[in-house]
>>> print(open('protein.cif').read())   # mmCIF, C-alpha atoms and all ligand atoms
data_data
loop_
_atom_site.group_PDB
_atom_site.id
_atom_site.type_symbol
_atom_site.label_atom_id
_atom_site.label_comp_id
_atom_site.auth_asym_id
_atom_site.auth_seq_id
_atom_site.Cartn_x
_atom_site.Cartn_y
_atom_site.Cartn_z
ATOM 1 C CA MET M 1475 -21.265 10.758 3.495
ATOM 2 C CA LYS M 1476 -22.228 10.010 -0.086
ATOM 3 C CA LEU M 1477 -21.488 6.941 -2.177
ATOM 4 C CA ILE M 1478 -20.508 7.847 -5.751
ATOM 5 C CA GLU M 1479 -20.244 5.147 -8.388
ATOM 6 C CA SER M 1480 -20.225 7.312 -11.490
ATOM 7 C CA ILE M 1481 -16.878 8.635 -12.745
ATOM 8 C CA GLU M 1482 -18.561 11.684 -14.309
ATOM 9 C CA GLU M 1483 -20.410 12.525 -11.083
ATOM 10 C CA MET M 1484 -17.207 12.257 -9.020
ATOM 11 C CA GLN M 1485 -15.397 14.449 -11.521
ATOM 12 C CA SER M 1486 -18.061 17.144 -11.446
ATOM 13 C CA ILE M 1487 -18.179 17.143 -7.627
ATOM 14 C CA ALA M 1488 -14.391 17.541 -7.562
ATOM 15 C CA ALA M 1489 -14.418 20.306 -10.192
ATOM 16 C CA ALA M 1490 -17.126 22.220 -8.314
ATOM 17 C CA ALA M 1491 -15.250 21.866 -5.021
ATOM 18 C CA ARG M 1492 -12.069 23.202 -6.597
ATOM 19 C CA GLN M 1493 -14.018 26.048 -8.189
ATOM 20 C CA ALA M 1494 -15.348 26.951 -4.745
ATOM 21 C CA GLY M 1495 -11.778 27.092 -3.428
ATOM 22 C CA LYS M 1496 -12.004 23.897 -1.385
ATOM 23 C CA THR M 1497 -9.116 21.484 -0.899
ATOM 24 C CA ILE M 1498 -9.523 17.775 -1.618
ATOM 25 C CA VAL M 1499 -7.664 14.830 -0.064
ATOM 26 C CA LEU M 1500 -7.863 11.322 -1.509
ATOM 27 C CA VAL M 1501 -7.216 8.004 0.252
ATOM 28 C CA PRO M 1502 -7.150 5.248 -2.387
ATOM 29 C CA THR M 1503 -8.014 1.756 -1.089
ATOM 30 C CA MET M 1504 -9.178 -1.629 -2.269
ATOM 31 C CA GLY M 1505 -11.716 -1.759 0.569
ATOM 32 C CA TYR M 1506 -12.240 -4.286 3.347
ATOM 33 C CA LEU M 1507 -11.138 -1.452 5.578
ATOM 34 C CA HIS M 1508 -9.183 -1.946 8.801
ATOM 35 C CA ALA M 1509 -7.431 0.292 11.326
ATOM 36 C CA GLY M 1510 -4.535 0.899 8.896
ATOM 37 C CA HIS M 1511 -6.931 2.431 6.372
ATOM 38 C CA ALA M 1512 -8.747 4.265 9.182
ATOM 39 C CA SER M 1513 -5.502 5.953 10.256
ATOM 40 C CA LEU M 1514 -5.106 7.336 6.715
ATOM 41 C CA LEU M 1515 -8.724 8.528 6.698
ATOM 42 C CA THR M 1516 -8.384 10.204 10.106
ATOM 43 C CA GLU M 1517 -5.230 12.009 8.983
ATOM 44 C CA GLY M 1518 -6.882 12.931 5.678
ATOM 45 C CA ARG M 1519 -9.844 14.420 7.540
ATOM 46 C CA LYS M 1520 -7.477 16.901 9.225
ATOM 47 C CA ARG M 1521 -5.657 17.891 6.061
ATOM 48 C CA ALA M 1522 -8.304 19.170 3.638
ATOM 49 C CA ASP M 1523 -11.882 20.387 3.316
ATOM 50 C CA ILE M 1524 -13.160 17.380 1.408
ATOM 51 C CA LEU M 1525 -12.136 13.798 2.180
ATOM 52 C CA VAL M 1526 -12.638 11.213 -0.561
ATOM 53 C CA ALA M 1527 -11.945 7.504 -0.024
ATOM 54 C CA SER M 1528 -11.879 5.370 -3.122
ATOM 55 C CA ILE M 1529 -12.762 1.707 -2.889
ATOM 56 C CA PHE M 1530 -11.792 -0.194 -5.991
ATOM 57 C CA VAL M 1531 -10.329 -3.668 -6.309
ATOM 58 C CA ASN M 1532 -8.237 -2.840 -9.334
ATOM 59 C CA PRO M 1533 -8.065 -5.764 -11.770
ATOM 60 C CA THR M 1534 -4.997 -4.453 -13.636
ATOM 61 C CA GLN M 1535 -2.725 -4.776 -10.604
ATOM 62 C CA PHE M 1536 -3.452 -8.479 -10.094
ATOM 63 C CA GLY M 1537 -1.528 -11.055 -12.094
ATOM 64 C CA ALA M 1538 -2.981 -14.246 -13.562
ATOM 65 C CA GLY M 1539 -3.478 -16.744 -10.740
ATOM 66 C CA GLU M 1540 -3.486 -14.021 -8.053
ATOM 67 C CA ASP M 1541 -6.389 -13.333 -5.695
ATOM 68 C CA PHE M 1542 -8.474 -10.785 -7.660
ATOM 69 C CA ASN M 1543 -11.621 -12.942 -7.520
ATOM 70 C CA THR M 1544 -11.296 -13.912 -3.868
ATOM 71 C CA TYR M 1545 -10.058 -10.534 -2.546
ATOM 72 C CA PRO M 1546 -12.331 -9.748 0.453
ATOM 73 C CA ARG M 1547 -15.109 -7.249 -0.266
ATOM 74 C CA ASP M 1548 -17.735 -5.739 2.085
ATOM 75 C CA LEU M 1549 -18.918 -2.308 0.943
ATOM 76 C CA GLU M 1550 -21.548 -1.906 3.693
ATOM 77 C CA ARG M 1551 -19.035 -2.468 6.444
ATOM 78 C CA ASP M 1552 -16.531 -0.192 4.674
ATOM 79 C CA MET M 1553 -19.166 2.558 4.499
ATOM 80 C CA ARG M 1554 -19.684 2.395 8.270
ATOM 81 C CA ILE M 1555 -15.927 2.638 8.944
ATOM 82 C CA ALA M 1556 -15.510 5.455 6.417
ATOM 83 C CA GLU M 1557 -18.427 7.413 7.830
ATOM 84 C CA ALA M 1558 -17.048 7.107 11.370
ATOM 85 C CA ALA M 1559 -13.698 8.453 10.114
ATOM 86 C CA GLY M 1560 -15.395 11.523 8.621
ATOM 87 C CA VAL M 1561 -15.268 10.633 4.918
ATOM 88 C CA ASP M 1562 -17.355 12.932 2.711
ATOM 89 C CA TYR M 1563 -17.438 10.803 -0.448
ATOM 90 C CA ILE M 1564 -16.791 7.135 -1.080
ATOM 91 C CA PHE M 1565 -15.861 6.710 -4.716
ATOM 92 C CA ALA M 1566 -16.475 3.120 -5.775
ATOM 93 C CA PRO M 1567 -16.457 2.886 -9.573
ATOM 94 C CA LYS M 1568 -17.225 -0.233 -11.585
ATOM 95 C CA ALA M 1569 -14.297 -2.002 -13.234
ATOM 96 C CA SER M 1570 -16.150 -1.888 -16.559
ATOM 97 C CA ASP M 1571 -16.316 1.918 -16.311
ATOM 98 C CA MET M 1572 -12.664 2.296 -15.289
ATOM 99 C CA TYR M 1573 -11.510 -0.059 -18.059
ATOM 100 C CA PRO M 1574 -14.144 -0.024 -20.813
ATOM 101 C CA ALA M 1575 -13.760 -2.045 -24.002
ATOM 102 C CA GLY M 1576 -10.909 -0.595 -26.054
ATOM 103 C CA TYR M 1577 -8.953 0.631 -23.027
ATOM 104 C CA GLN M 1578 -5.210 0.747 -23.828
ATOM 105 C CA THR M 1579 -3.428 3.443 -21.824
ATOM 106 C CA TYR M 1580 -1.012 2.603 -18.979
ATOM 107 C CA VAL M 1581 1.426 4.516 -16.796
ATOM 108 C CA ASN M 1582 4.780 2.896 -16.122
ATOM 109 C CA VAL M 1583 7.441 3.953 -13.628
ATOM 110 C CA GLU M 1584 10.702 2.299 -14.668
ATOM 111 C CA GLU M 1585 13.652 1.411 -12.344
ATOM 112 C CA LEU M 1586 11.770 1.694 -9.042
ATOM 113 C CA THR M 1587 9.310 -0.978 -10.106
ATOM 114 C CA LEU M 1588 11.924 -3.569 -11.079
ATOM 115 C CA PRO M 1589 12.939 -5.025 -7.671
ATOM 116 C CA LEU M 1590 10.957 -6.419 -4.701
ATOM 117 C CA CYS M 1591 7.239 -6.786 -5.446
ATOM 118 C CA GLY M 1592 7.851 -5.649 -9.030
ATOM 119 C CA ALA M 1593 10.062 -8.685 -9.580
ATOM 120 C CA SER M 1594 7.684 -11.181 -7.963
ATOM 121 C CA ARG M 1595 4.502 -9.636 -9.368
ATOM 122 C CA PRO M 1596 5.195 -8.635 -12.998
ATOM 123 C CA GLY M 1597 2.802 -5.921 -14.166
ATOM 124 C CA HIS M 1598 1.606 -5.162 -10.634
ATOM 125 C CA PHE M 1599 2.976 -1.621 -10.397
ATOM 126 C CA ARG M 1600 1.883 -0.768 -13.921
ATOM 127 C CA GLY M 1601 -1.644 -1.517 -12.737
ATOM 128 C CA VAL M 1602 -1.149 0.487 -9.537
ATOM 129 C CA THR M 1603 0.267 3.599 -11.203
ATOM 130 C CA THR M 1604 -2.364 3.467 -13.924
ATOM 131 C CA VAL M 1605 -5.276 3.295 -11.505
ATOM 132 C CA VAL M 1606 -3.818 5.941 -9.193
ATOM 133 C CA ALA M 1607 -3.243 8.278 -12.164
ATOM 134 C CA LYS M 1608 -6.864 7.724 -13.206
ATOM 135 C CA LEU M 1609 -8.101 8.333 -9.649
ATOM 136 C CA PHE M 1610 -6.094 11.567 -9.521
ATOM 137 C CA ASN M 1611 -7.705 12.722 -12.775
ATOM 138 C CA ILE M 1612 -11.181 11.862 -11.491
ATOM 139 C CA VAL M 1613 -10.984 13.062 -7.867
ATOM 140 C CA MET M 1614 -8.554 15.949 -8.568
ATOM 141 C CA PRO M 1615 -7.051 15.841 -5.079
ATOM 142 C CA HIS M 1616 -4.574 18.375 -3.714
ATOM 143 C CA LEU M 1617 -3.037 15.609 -1.668
ATOM 144 C CA ALA M 1618 -3.244 11.836 -1.372
ATOM 145 C CA LEU M 1619 -2.316 9.557 1.516
ATOM 146 C CA PHE M 1620 -0.614 6.175 1.206
ATOM 147 C CA GLY M 1621 0.614 3.721 3.849
ATOM 148 C CA LYS M 1622 4.263 2.783 4.318
ATOM 149 C CA LYS M 1623 3.017 -0.798 4.649
ATOM 150 C CA ASP M 1624 3.307 -0.785 0.841
ATOM 151 C CA PHE M 1625 6.626 1.025 0.900
ATOM 152 C CA GLN M 1626 7.600 0.411 -2.709
ATOM 153 C CA GLN M 1627 4.138 1.491 -3.875
ATOM 154 C CA LEU M 1628 4.511 4.777 -1.970
ATOM 155 C CA THR M 1629 7.956 5.359 -3.515
ATOM 156 C CA VAL M 1630 6.694 4.563 -7.010
ATOM 157 C CA ILE M 1631 3.653 6.843 -6.661
ATOM 158 C CA ARG M 1632 5.776 9.731 -5.367
ATOM 159 C CA ARG M 1633 7.998 9.293 -8.428
ATOM 160 C CA MET M 1634 5.038 9.182 -10.809
ATOM 161 C CA ALA M 1635 3.408 12.274 -9.275
ATOM 162 C CA ALA M 1636 6.691 14.211 -9.518
ATOM 163 C CA ASP M 1637 7.701 12.957 -12.967
ATOM 164 C CA LEU M 1638 4.295 13.650 -14.511
ATOM 165 C CA ASN M 1639 3.840 17.012 -12.710
ATOM 166 C CA MET M 1640 0.550 15.827 -11.295
ATOM 167 C CA GLY M 1641 0.380 18.589 -8.698
ATOM 168 C CA VAL M 1642 -0.726 16.145 -6.010
ATOM 169 C CA GLN M 1643 1.191 16.107 -2.726
ATOM 170 C CA ILE M 1644 1.895 12.506 -1.689
ATOM 171 C CA VAL M 1645 1.891 11.804 2.046
ATOM 172 C CA GLY M 1646 3.287 8.556 3.526
ATOM 173 C CA MET M 1647 1.733 7.232 6.736
ATOM 174 C CA PRO M 1648 3.178 4.834 9.373
ATOM 175 C CA ILE M 1649 2.338 1.128 9.395
ATOM 176 C CA VAL M 1650 -0.514 0.251 11.767
ATOM 177 C CA ARG M 1651 -0.048 -3.094 13.528
ATOM 178 C CA GLU M 1652 -2.141 -5.463 15.628
ATOM 179 C CA ALA M 1653 -1.216 -5.526 19.320
ATOM 180 C CA ASP M 1654 1.045 -8.532 18.709
ATOM 181 C CA GLY M 1655 2.945 -6.847 15.860
ATOM 182 C CA LEU M 1656 1.237 -8.241 12.752
ATOM 183 C CA ALA M 1657 0.929 -5.478 10.153
ATOM 184 C CA MET M 1658 -2.742 -4.896 9.397
ATOM 185 C CA SER M 1659 -3.794 -6.048 5.950
ATOM 186 C CA SER M 1660 -7.065 -6.948 4.273
ATOM 187 C CA ARG M 1661 -5.332 -10.208 3.280
ATOM 188 C CA ASN M 1662 -4.965 -11.195 6.964
ATOM 189 C CA ALA M 1663 -8.598 -12.322 6.590
ATOM 190 C CA TYR M 1664 -7.294 -15.311 4.586
ATOM 191 C CA LEU M 1665 -5.226 -16.639 7.512
ATOM 192 C CA SER M 1666 -6.356 -19.562 9.675
ATOM 193 C CA GLN M 1667 -5.702 -19.333 13.408
ATOM 194 C CA ALA M 1668 -2.487 -21.332 13.057
ATOM 195 C CA GLU M 1669 -1.338 -19.276 10.048
ATOM 196 C CA ARG M 1670 -2.103 -16.090 11.943
ATOM 197 C CA GLU M 1671 0.409 -17.264 14.594
ATOM 198 C CA SER M 1672 3.003 -18.162 11.956
ATOM 199 C CA ALA M 1673 2.536 -14.782 10.283
ATOM 200 C CA LEU M 1674 4.083 -13.126 13.326
ATOM 201 C CA CYS M 1675 7.483 -14.258 12.025
ATOM 202 C CA LEU M 1676 7.532 -11.229 9.691
ATOM 203 C CA SER M 1677 7.231 -8.578 12.400
ATOM 204 C CA ARG M 1678 9.415 -10.661 14.719
ATOM 205 C CA ALA M 1679 12.172 -10.773 12.113
ATOM 206 C CA LEU M 1680 11.986 -7.009 11.533
ATOM 207 C CA HIS M 1681 12.026 -6.356 15.248
ATOM 208 C CA SER M 1682 15.073 -8.539 15.822
ATOM 209 C CA VAL M 1683 16.944 -6.972 12.899
ATOM 210 C CA GLN M 1684 16.206 -3.526 14.285
ATOM 211 C CA ASP M 1685 17.348 -4.543 17.780
ATOM 212 C CA VAL M 1686 20.624 -5.953 16.522
ATOM 213 C CA TYR M 1687 21.151 -2.929 14.244
ATOM 214 C CA ARG M 1688 20.699 -0.675 17.276
ATOM 215 C CA SER M 1689 23.337 -2.654 19.119
ATOM 216 C CA ALA M 1690 25.729 -1.442 16.357
ATOM 217 C CA GLU M 1691 25.654 -4.350 13.869
ATOM 218 C CA ARG M 1692 25.980 -2.881 10.368
ATOM 219 C CA SER M 1693 26.663 -5.933 8.199
ATOM 220 C CA VAL M 1694 23.701 -6.662 5.961
ATOM 221 C CA GLU M 1695 24.918 -10.239 5.581
ATOM 222 C CA THR M 1696 24.638 -10.761 9.350
ATOM 223 C CA LEU M 1697 21.298 -8.954 9.616
ATOM 224 C CA ARG M 1698 19.869 -10.902 6.674
ATOM 225 C CA LYS M 1699 20.909 -14.223 8.213
ATOM 226 C CA LEU M 1700 19.116 -13.252 11.394
ATOM 227 C CA ALA M 1701 15.887 -12.443 9.528
ATOM 228 C CA LEU M 1702 16.108 -15.580 7.369
ATOM 229 C CA GLY M 1703 16.654 -17.735 10.470
ATOM 230 C CA ILE M 1704 13.548 -16.405 12.191
ATOM 231 C CA ILE M 1705 11.306 -16.747 9.141
ATOM 232 C CA ASN M 1706 12.660 -20.131 8.063
ATOM 233 C CA ALA M 1707 11.944 -21.490 11.553
ATOM 234 C CA GLU M 1708 8.217 -21.270 10.683
ATOM 235 C CA PRO M 1709 7.273 -24.435 8.778
ATOM 236 C CA SER M 1710 4.374 -22.749 6.930
ATOM 237 C CA ALA M 1711 6.469 -19.744 5.838
ATOM 238 C CA ALA M 1712 7.978 -19.576 2.340
ATOM 239 C CA ILE M 1713 10.182 -16.569 1.650
ATOM 240 C CA ASP M 1714 9.589 -14.538 -1.483
ATOM 241 C CA TYR M 1715 12.238 -11.936 -0.570
ATOM 242 C CA VAL M 1716 14.177 -10.537 2.379
ATOM 243 C CA GLU M 1717 15.970 -7.444 1.085
ATOM 244 C CA PHE M 1718 18.038 -4.589 2.462
ATOM 245 C CA TYR M 1719 17.686 -1.549 0.210
ATOM 246 C CA HIS M 1720 18.287 2.160 0.361
ATOM 247 C CA GLU M 1721 14.885 3.609 1.207
ATOM 248 C CA ALA M 1722 15.008 6.318 -1.477
ATOM 249 C CA THR M 1723 16.610 4.583 -4.457
ATOM 250 C CA LEU M 1724 15.443 1.023 -3.736
ATOM 251 C CA THR M 1725 18.883 -0.303 -4.564
ATOM 252 C CA GLU M 1726 20.695 -2.966 -2.585
ATOM 253 C CA VAL M 1727 23.081 -2.022 0.255
ATOM 254 C CA GLU M 1728 25.815 -4.044 1.968
ATOM 255 C CA GLN M 1729 26.252 -1.865 5.030
ATOM 256 C CA ALA M 1730 23.135 -0.914 6.961
ATOM 257 C CA ASP M 1731 22.446 2.654 8.050
ATOM 258 C CA ASP M 1732 19.447 4.675 9.245
ATOM 259 C CA HIS M 1733 18.147 4.858 5.660
ATOM 260 C CA THR M 1734 18.128 1.120 5.107
ATOM 261 C CA LEU M 1735 14.753 -0.335 4.210
ATOM 262 C CA VAL M 1736 14.301 -3.928 5.342
ATOM 263 C CA ALA M 1737 11.590 -5.330 3.090
ATOM 264 C CA LEU M 1738 9.970 -8.745 3.457
ATOM 265 C CA ALA M 1739 7.529 -10.732 1.380
ATOM 266 C CA VAL M 1740 6.604 -14.114 2.772
ATOM 267 C CA ARG M 1741 3.955 -16.649 1.874
ATOM 268 C CA ILE M 1742 2.135 -18.104 4.859
ATOM 269 C CA GLY M 1743 0.291 -21.047 3.370
ATOM 270 C CA LYS M 1744 -1.391 -19.538 0.311
ATOM 271 C CA THR M 1745 -1.346 -15.967 1.607
ATOM 272 C CA ARG M 1746 1.413 -13.618 0.500
ATOM 273 C CA LEU M 1747 2.196 -11.037 3.195
ATOM 274 C CA ILE M 1748 4.538 -8.041 3.065
ATOM 275 C CA ASP M 1749 6.072 -5.978 5.851
ATOM 276 C CA ASN M 1750 8.998 -3.605 6.228
ATOM 277 C CA CYS M 1751 10.845 -1.150 8.417
ATOM 278 C CA VAL M 1752 13.409 1.588 7.922
ATOM 279 C CA LEU M 1753 16.224 1.004 10.389
ATOM 280 C CA GLY M 1754 16.541 4.636 11.493
ATOM 281 C CA GLU M 1755 12.828 4.952 12.264
ATOM 282 C CA GLU M 1756 10.851 3.880 15.326
HETATM 283 P P1 LIG X 1 -5.094 -1.462 0.184
HETATM 284 O O1 LIG X 1 -6.576 -1.373 0.437
HETATM 285 O O2 LIG X 1 -4.453 -2.662 0.780
HETATM 286 O O3 LIG X 1 -4.744 -1.208 -1.258
HETATM 287 O O4 LIG X 1 -4.455 -0.247 0.979
HETATM 288 C C1 LIG X 1 -4.910 1.076 0.798
HETATM 289 C C2 LIG X 1 -3.940 2.022 1.477
HETATM 290 O O5 LIG X 1 -3.870 1.711 2.872
HETATM 291 C C3 LIG X 1 -2.506 1.885 0.943
HETATM 292 O O6 LIG X 1 -1.913 3.183 0.865
HETATM 293 C C4 LIG X 1 -1.843 1.035 1.984
HETATM 294 O O7 LIG X 1 -0.448 1.232 2.065
HETATM 295 C C5 LIG X 1 -2.532 1.505 3.238
HETATM 296 N N1 LIG X 1 -2.424 0.485 4.288
HETATM 297 C C6 LIG X 1 -2.765 -0.825 4.196
HETATM 298 N N2 LIG X 1 -2.460 -1.473 5.336
HETATM 299 C C7 LIG X 1 -1.896 -0.543 6.160
HETATM 300 C C8 LIG X 1 -1.358 -0.583 7.480
HETATM 301 N N3 LIG X 1 -1.314 -1.711 8.183
HETATM 302 N N4 LIG X 1 -0.862 0.553 8.001
HETATM 303 C C9 LIG X 1 -0.877 1.711 7.285
HETATM 304 N N5 LIG X 1 -1.378 1.821 6.042
HETATM 305 C C10 LIG X 1 -1.876 0.710 5.485
#
>>> encode(input="protein.cif", output="structure tokens", more="lines below")
Ligand code: AMP
Amino acid sequence: MKLIESIEEMQSIAAAARQAGKTIVLVPTMGYLHAGHASLLTEGRKRADILVASIFVNPTQFGAGEDFNTYPRDLERDMRIAEAAGVDYIFAPKASDMYPAGYQTYVNVEELTLPLCGASRPGHFRGVTTVVAKLFNIVMPHLALFGKKDFQQLTVIRRMAADLNMGVQIVGMPIVREADGLAMSSRNAYLSQAERESALCLSRALHSVQDVYRSAERSVETLRKLALGIINAEPSAAIDYVEFYHEATLTEVEQADDHTLVALAVRIGKTRLIDNCVLGEE
């Protein structure tokens, strides 16, 4: 496995690989890797000749007052995890190379970025789509893997790749959870022991909604009340949103069906956590 920090070097490796007829898969991450990232890397390993993992805490997707400076970073540990998963190249560019003085070009996906995290984190998806577009131009992947943990991000990136004819196949991967249900996230590192317990209200709420949906309840009003009740019972939990949307259009629904996305964003103390499920899926 090789660590590449230079954009030009990564681009020439990718161009040479393509010239030689090799396929490239990219797994973009912000590092501090966990089993959720590892599942993407393991799947990526099977899907192409060359597996590239990018590690870049992207400043343009953090708003003022968000956790860009404190976001957990540990490149050495990440390199060990990536190597064990069969990564060929870690691409870890410097922010000053990705966004040099004078930088002024951004990619914006419109309607899909308005609700959910787009509403609570203005500018977030503009930063995400911009950095992913740049990574695609640098790594030149045939396909790229993203987790459904960030469901809206996956939807937005699929849209961008299709709308801009990027020629990159976007693959969505299932959410990896801790044994007790907590969705894995680099931000879980912020949680104290007590907060870690409270954080289980997200997966518990999703689980209960899914159970009740399976017992034939279709009213979103009823299902939402159930989720709100479970989360509001946690004193340290503050709800950002609890939404029931169509999984493809990300528009609100009143009657639940198998395509209903239940999306949660909840602050546990100072840590903002997201989780989701699609009612028709396991
Ligand atoms: P991040 O480093 O948080 O930007 O995540 C990098 C990629 O890993 C994104 O495509 C995420 O959706 C994905 N990811 C993060 N956590 C999980 C998880 N628990 N299960 C599956 N994929 C995940």
>>> closest_residue(input="protein.cif", among="M:Glu1585, M:Glu1652, M:Glu1708, M:Glu1671", to="ligand LIG 1 (chain X)", atoms="only C-alpha atoms and all ligand atoms")
M:Glu1652
>>> resolve_selection(input="protein.cif", expression="the PyMOL selection byres (((chain M and resi 1500-1507) around 6) and not hetatm)", output="short mmCIF file (atom, residue, chain, number, x, y, z; two decimals) with C-alpha atoms, in the coordinates of the input")
data_model
loop_
_atom_site.label_atom_id
_atom_site.label_comp_id
_atom_site.auth_asym_id
_atom_site.auth_seq_id
_atom_site.Cartn_x
_atom_site.Cartn_y
_atom_site.Cartn_z
CA VAL M 1499 -7.66 14.83 -0.06
CA HIS M 1508 -9.18 -1.95 8.80
CA HIS M 1511 -6.93 2.43 6.37
CA VAL M 1526 -12.64 11.21 -0.56
CA ALA M 1527 -11.94 7.50 -0.02
CA SER M 1528 -11.88 5.37 -3.12
CA ILE M 1529 -12.76 1.71 -2.89
CA PHE M 1530 -11.79 -0.19 -5.99
CA VAL M 1531 -10.33 -3.67 -6.31
CA ARG M 1547 -15.11 -7.25 -0.27
CA ASP M 1548 -17.74 -5.74 2.08
CA ASP M 1552 -16.53 -0.19 4.67
CA PRO M 1615 -7.05 15.84 -5.08
CA ALA M 1618 -3.24 11.84 -1.37
CA LEU M 1619 -2.32 9.56 1.52
CA SER M 1660 -7.06 -6.95 4.27
#
>>> resolve_selection(input="protein.cif", expression="the PyMOL selection byres (((chain M and resi 1595-1611) around 9) and not hetatm)", output="JSON, numbers by chain")
{"M": [1485, 1500, 1502, 1528, 1532, 1533, 1534, 1535, 1536, 1537, 1572, 1579, 1580, 1581, 1582, 1583, 1587, 1588, 1590, 1591, 1592, 1593, 1594, 1612, 1613, 1614, 1615, 1618, 1627, 1630, 1631, 1634, 1635, 1640, 1642]}
>>> closest_residue(input="protein.cif", among="M:Glu1721, M:Asp1624, M:Glu1540, M:Asp1749", to="ligand LIG 1 (chain X)", atoms="all atoms listed in the file")
M:Asp1624
>>> atom_distance(input="protein.cif", atom1="CA of Leu1680 in chain M", atom2="CA of Gly1518 in chain M")
28.1 Å
>>> resolve_selection(input="protein.cif", expression="the PyMOL selection byres (((chain M and resi 1750) around 10) and not hetatm)", output="PyMOL selection string")
chain M and resi 1622-1626+1649+1657+1676-1677+1679-1681+1716-1718+1735-1739+1748-1749+1751-1753
>>> closest_residue(input="protein.cif", among="M:Pro1567, M:Gly1646, M:Gly1703, M:Pro1589", to="ligand LIG 1 (chain X)", atoms="all atoms listed in the file")
M:Gly1646
